[in-house]
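Quick look at work.pdb (PDB, C-alpha atoms):
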ATOM      1  CA  MET A 187     -16.635  -2.625  23.735  1.00  0.00           C
ATOM      2  CA  PRO A 188     -13.471  -3.050  21.651  1.00  0.00           C
ATOM      3  CA  THR A 189     -11.053  -5.790  22.602  1.00  0.00           C
ATOM      4  CA  HIS A 190      -7.307  -5.432  22.993  1.00  0.00           C
ATOM      5  CA  GLN A 191      -6.891  -7.079  19.577  1.00  0.00           C
ATOM      6  CA  ASP A 192      -9.384  -4.667  17.970  1.00  0.00           C
ATOM      7  CA  VAL A 193      -7.496  -1.619  19.211  1.00  0.00           C
ATOM      8  CA  ILE A 194      -4.089  -3.024  18.254  1.00  0.00           C
ATOM      9  CA  GLU A 195      -5.445  -3.992  14.816  1.00  0.00           C
ATOM     10  CA  GLN A 196      -6.628  -0.414  14.195  1.00  0.00           C
ATOM     11  CA  ALA A 197      -3.295   1.004  15.364  1.00  0.00           C
ATOM     12  CA  LEU A 198      -1.412  -1.383  13.071  1.00  0.00           C
ATOM     13  CA  LEU A 199      -3.740  -0.543  10.176  1.00  0.00           C
ATOM     14  CA  GLY A 200      -3.032   3.170  10.603  1.00  0.00           C
ATOM     15  CA  ALA A 201       0.711   2.687  11.020  1.00  0.00           C
ATOM     16  CA  MET A 202       1.021   0.479   7.930  1.00  0.00           C
ATOM     17  CA  GLN A 203      -0.970   2.953   5.814  1.00  0.00           C
ATOM     18  CA  GLU A 204       1.688   5.539   6.666  1.00  0.00           C
ATOM     19  CA  ALA A 205       4.662   3.176   6.249  1.00  0.00           C
ATOM     20  CA  ASP A 206       7.359   4.046   3.704  1.00  0.00           C
ATOM     21  CA  LEU A 207       9.069   0.872   2.466  1.00  0.00           C
ATOM     22  CA  GLU A 208      11.874   2.811   0.776  1.00  0.00           C
ATOM     23  CA  LEU A 209      12.703   4.613   4.021  1.00  0.00           C
ATOM     24  CA  ALA A 210      12.509   1.380   6.014  1.00  0.00           C
ATOM     25  CA  ALA A 211      14.786  -0.441   3.550  1.00  0.00           C
ATOM     26  CA  GLY A 212      17.287   2.403   3.725  1.00  0.00           C
ATOM     27  CA  GLU A 213      17.380   2.189   7.503  1.00  0.00           C
ATOM     28  CA  ILE A 214      18.118  -1.533   7.272  1.00  0.00           C
ATOM     29  CA  GLY A 215      20.769  -1.581   4.573  1.00  0.00           C
ATOM     30  CA  GLY A 216      21.357   1.753   2.904  1.00  0.00           C
ATOM     31  CA  HIS A 217      20.108   2.976  -0.462  1.00  0.00           C
ATOM     32  CA  LEU A 218      20.904  -0.342  -2.183  1.00  0.00           C
ATOM     33  CA  ALA A 219      18.400  -2.202   0.001  1.00  0.00           C
ATOM     34  CA  VAL A 220      15.321  -0.648  -1.647  1.00  0.00           C
ATOM     35  CA  LEU A 221      12.835  -3.253  -2.873  1.00  0.00           C
ATOM     36  CA  HIS A 222      12.247  -3.228  -6.639  1.00  0.00           C
ATOM     37  CA  ASP A 223       9.712  -4.958  -8.837  1.00  0.00           C
ATOM     38  CA  ALA A 224      10.519  -6.897 -12.035  1.00  0.00           C
ATOM     39  CA  GLU A 225      10.673  -3.647 -14.061  1.00  0.00           C
ATOM     40  CA  GLY A 226      13.007  -1.961 -11.561  1.00  0.00           C
ATOM     41  CA  ALA A 227      10.414   0.355  -9.976  1.00  0.00           C
ATOM     42  CA  PRO A 228      10.488   0.771  -6.187  1.00  0.00           C
ATOM     43  CA  VAL A 229       7.946  -1.419  -4.400  1.00  0.00           C
ATOM     44  CA  GLU A 230       5.286   0.456  -2.459  1.00  0.00           C
ATOM     45  CA  ILE A 231       2.359  -0.497  -0.259  1.00  0.00           C
ATOM     46  CA  ASP A 232      -0.745  -0.318  -2.454  1.00  0.00           C
ATOM     47  CA  GLU A 233      -3.348  -1.372   0.080  1.00  0.00           C
ATOM     48  CA  VAL A 234      -3.653  -2.142   3.778  1.00  0.00           C
ATOM     49  CA  LEU A 235      -6.812  -3.846   5.034  1.00  0.00           C
ATOM     50  CA  THR A 236      -7.910  -5.732   8.102  1.00  0.00           C
ATOM     51  CA  LEU A 237      -7.989  -9.481   7.549  1.00  0.00           C
ATOM     52  CA  SER A 238     -11.777  -9.493   7.816  1.00  0.00           C
ATOM     53  CA  SER A 239     -12.300  -6.622   5.359  1.00  0.00           C
ATOM     54  CA  ALA A 240      -9.904  -8.319   2.921  1.00  0.00           C
ATOM     55  CA  GLY A 241     -12.138 -11.396   2.923  1.00  0.00           C
ATOM     56  CA  PHE A 242      -9.905 -13.748   4.912  1.00  0.00           C
ATOM     57  CA  MET A 243     -11.851 -16.626   6.414  1.00  0.00           C
ATOM     58  CA  THR A 244     -10.422 -16.292   9.913  1.00  0.00           C
ATOM     59  CA  SER A 245     -11.480 -15.015  13.291  1.00  0.00           C
ATOM     60  CA  ASN A 246      -7.940 -13.736  13.930  1.00  0.00           C
ATOM     61  CA  SER A 247      -7.203 -10.029  14.103  1.00  0.00           C
ATOM     62  CA  GLY A 248      -4.559  -8.550  11.831  1.00  0.00           C
ATOM     63  CA  VAL A 249      -3.857  -6.795   8.566  1.00  0.00           C
ATOM     64  CA  VAL A 250      -2.997  -7.730   5.005  1.00  0.00           C
ATOM     65  CA  LEU A 251      -0.472  -5.676   3.031  1.00  0.00           C
ATOM     66  CA  ARG A 252      -0.781  -5.677  -0.752  1.00  0.00           C
ATOM     67  CA  LEU A 253       2.341  -4.402  -2.479  1.00  0.00           C
ATOM     68  CA  SER A 254       2.791  -2.832  -5.895  1.00  0.00           C
ATOM     69  CA  ASP A 255       4.763  -5.859  -7.148  1.00  0.00           C
ATOM     70  CA  GLY A 256       1.777  -8.143  -6.521  1.00  0.00           C
ATOM     71  CA  SER A 257       3.071  -9.698  -3.299  1.00  0.00           C
ATOM     72  CA  GLU A 258       0.862  -9.883  -0.218  1.00  0.00           C
ATOM     73  CA  PHE A 259       1.723 -10.254   3.448  1.00  0.00           C
ATOM     74  CA  THR A 260      -0.384 -10.779   6.528  1.00  0.00           C
ATOM     75  CA  VAL A 261       0.415  -9.628  10.037  1.00  0.00           C
ATOM     76  CA  GLU A 262      -1.706 -11.430  12.607  1.00  0.00           C
ATOM     77  CA  ILE A 263      -2.266 -10.288  16.177  1.00  0.00           C
ATOM     78  CA  LYS A 264      -2.192 -13.031  18.762  1.00  0.00           C
ATOM     79  CA  ALA A 265      -2.457 -12.499  22.504  1.00  0.00           C
ATOM     80  CA  TYR A 266       0.538 -13.896  24.320  1.00  0.00           C
ATOM     81  CA  ARG A 267      -0.667 -13.169  27.839  1.00  0.00           C
ATOM     82  CA  ALA A 268      -3.913 -11.878  29.345  1.00  0.00           C
ATOM     83  CA  PRO A 269      -3.830  -8.554  31.198  1.00  0.00           C
ATOM     84  CA  ARG A 270      -3.691  -8.561  34.984  1.00  0.00           C
ATOM     85  CA  GLY A 271      -7.214  -9.316  36.162  1.00  0.00           C
ATOM     86  CA  GLY A 272      -8.109 -11.211  32.970  1.00  0.00           C
ATOM     87  CA  TRP A 273      -9.968 -10.255  29.822  1.00  0.00           C
ATOM     88  CA  ASN A 274     -12.896  -7.852  30.190  1.00  0.00           C
ATOM     89  CA  HIS A 275     -15.025  -9.213  27.345  1.00  0.00           C
TER      90      HIS A 275
END
Go ahead and render the structure in this file as structure tokens.
Amino acid sequence: MPTHQDVIEQALLGAMQEADLELAAGEIGGHLAVLHDAEGAPVEIDEVLTLSSAGFMTSNSGVVLRLSDGSEFTVEIKAYRAPRGGWNH
């Protein structure tokens, strides 16, 4: 049975695979806010993986984002509060 973290991880994985960094940057600060690499090309998301499938030595749930400029980011999922009635696993 999937845990809360498993389901949220899969939702985040799907959302980040569809994410458009250029659009997001424009919403934050207009067309000048677009991320660019050292050669001036717009930065894009090259790969989105779960932490475990990316080889991270952790039991945490989350995703790693690998960008076209070589940078990498992780987004970890941590439970802040248990659901009413407690965890079912």
Of the candidates A:Val193, A:Met187, A:Asp255, A:Ala268, which shows the shortest atom-to-atom distance to Gly226 of chain A, using all atoms listed in the file?
->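 Closest to Gly226 of chain A, using all atoms listed in the file: A:Asp255.
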When the PyMOL selection byres ((chain A and resi 229) around 8) is applied to the file above, which residues end up in the set, as an MDAnalysis selection string?
-> chainID A and resid 207:208 220:223 227:228 230:231 253:255
Top pick for closest residue to Ser245 of chain A, considering A:Glu225, A:Lys264, A:Leu199, A:Glu258 and counting all atoms listed in the file |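 Result for the nearest residue to Ser245 of chain A: A:Lys264.
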Please provide as a PyMOL selection string all residues within 10 Å of Thr189 of chain A, with the sequence filter that same-chain residues fewer than 2 positions apart are discarded (counting all atoms listed in the file).
-> chain A and resi 187+191-195+273-275
Evaluate the PyMOL selection byres ((chain A and resi 248) around 9) and record the selected residues as a list in words, following the chain and residue labels used in the document.
->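 This file gives the following for the PyMOL selection byres ((chain A and resi 248) around 9): Gln191, Asp192, Ile194, Glu195, Gln196, Leu198, Leu199, Leu235, Thr236, Leu237, Ser238, Asn246, Ser247, Val249, Val250, Thr260, Val261, Glu262, Ile263 and Lys264 of chain A.
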Return the single residue from A:Ala210, A:Pro188, A:Arg267, A:Glu233 that is closest to Leu251 of chain A, with distances computed using only C-alpha atoms.
->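 Using only C-alpha atoms, Leu251 of chain A sits closest to A:Glu233.
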Which one of A:Ala224, A:Gly271, A:Glu213, A:Met202 sits closest to Phe259 of chain A if you count only C-alpha atoms?
->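 Closest residue, counting only C-alpha atoms: A:Met202.
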When you draw a straight line from atom CA of Ala205 of chain A to atom CA of His190 of chain A, how long is it in Å?
->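 These atoms are spaced 22.3 Å apart.
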Expressed in Å to a single decimal, how great is the separation between atom CA of Ala197 of chain A and atom CA of Ala240 of chain A?
->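 Going from atom CA of Ala197 of chain A over to atom CA of Ala240 of chain A, I get 16.9 Å.
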For atom CA of Gly256 of chain A and atom CA of Met243 of chain A, quote the distance in Å rounded to one decimal.
->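 These two atoms are separated by 20.6 Å.
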Build an axis-aligned box that encloses every atom of segment 244-251 of chain A listed in the file, pad it by 5 Å on each side, and report its centre and edge lengths in Å to one decimal, as lines of an AutoDock Vina configuration file.
center_x = -6.0
center_y = -11.0
center_z = 8.6
size_x = 21.0
size_y = 20.6
size_z = 21.1
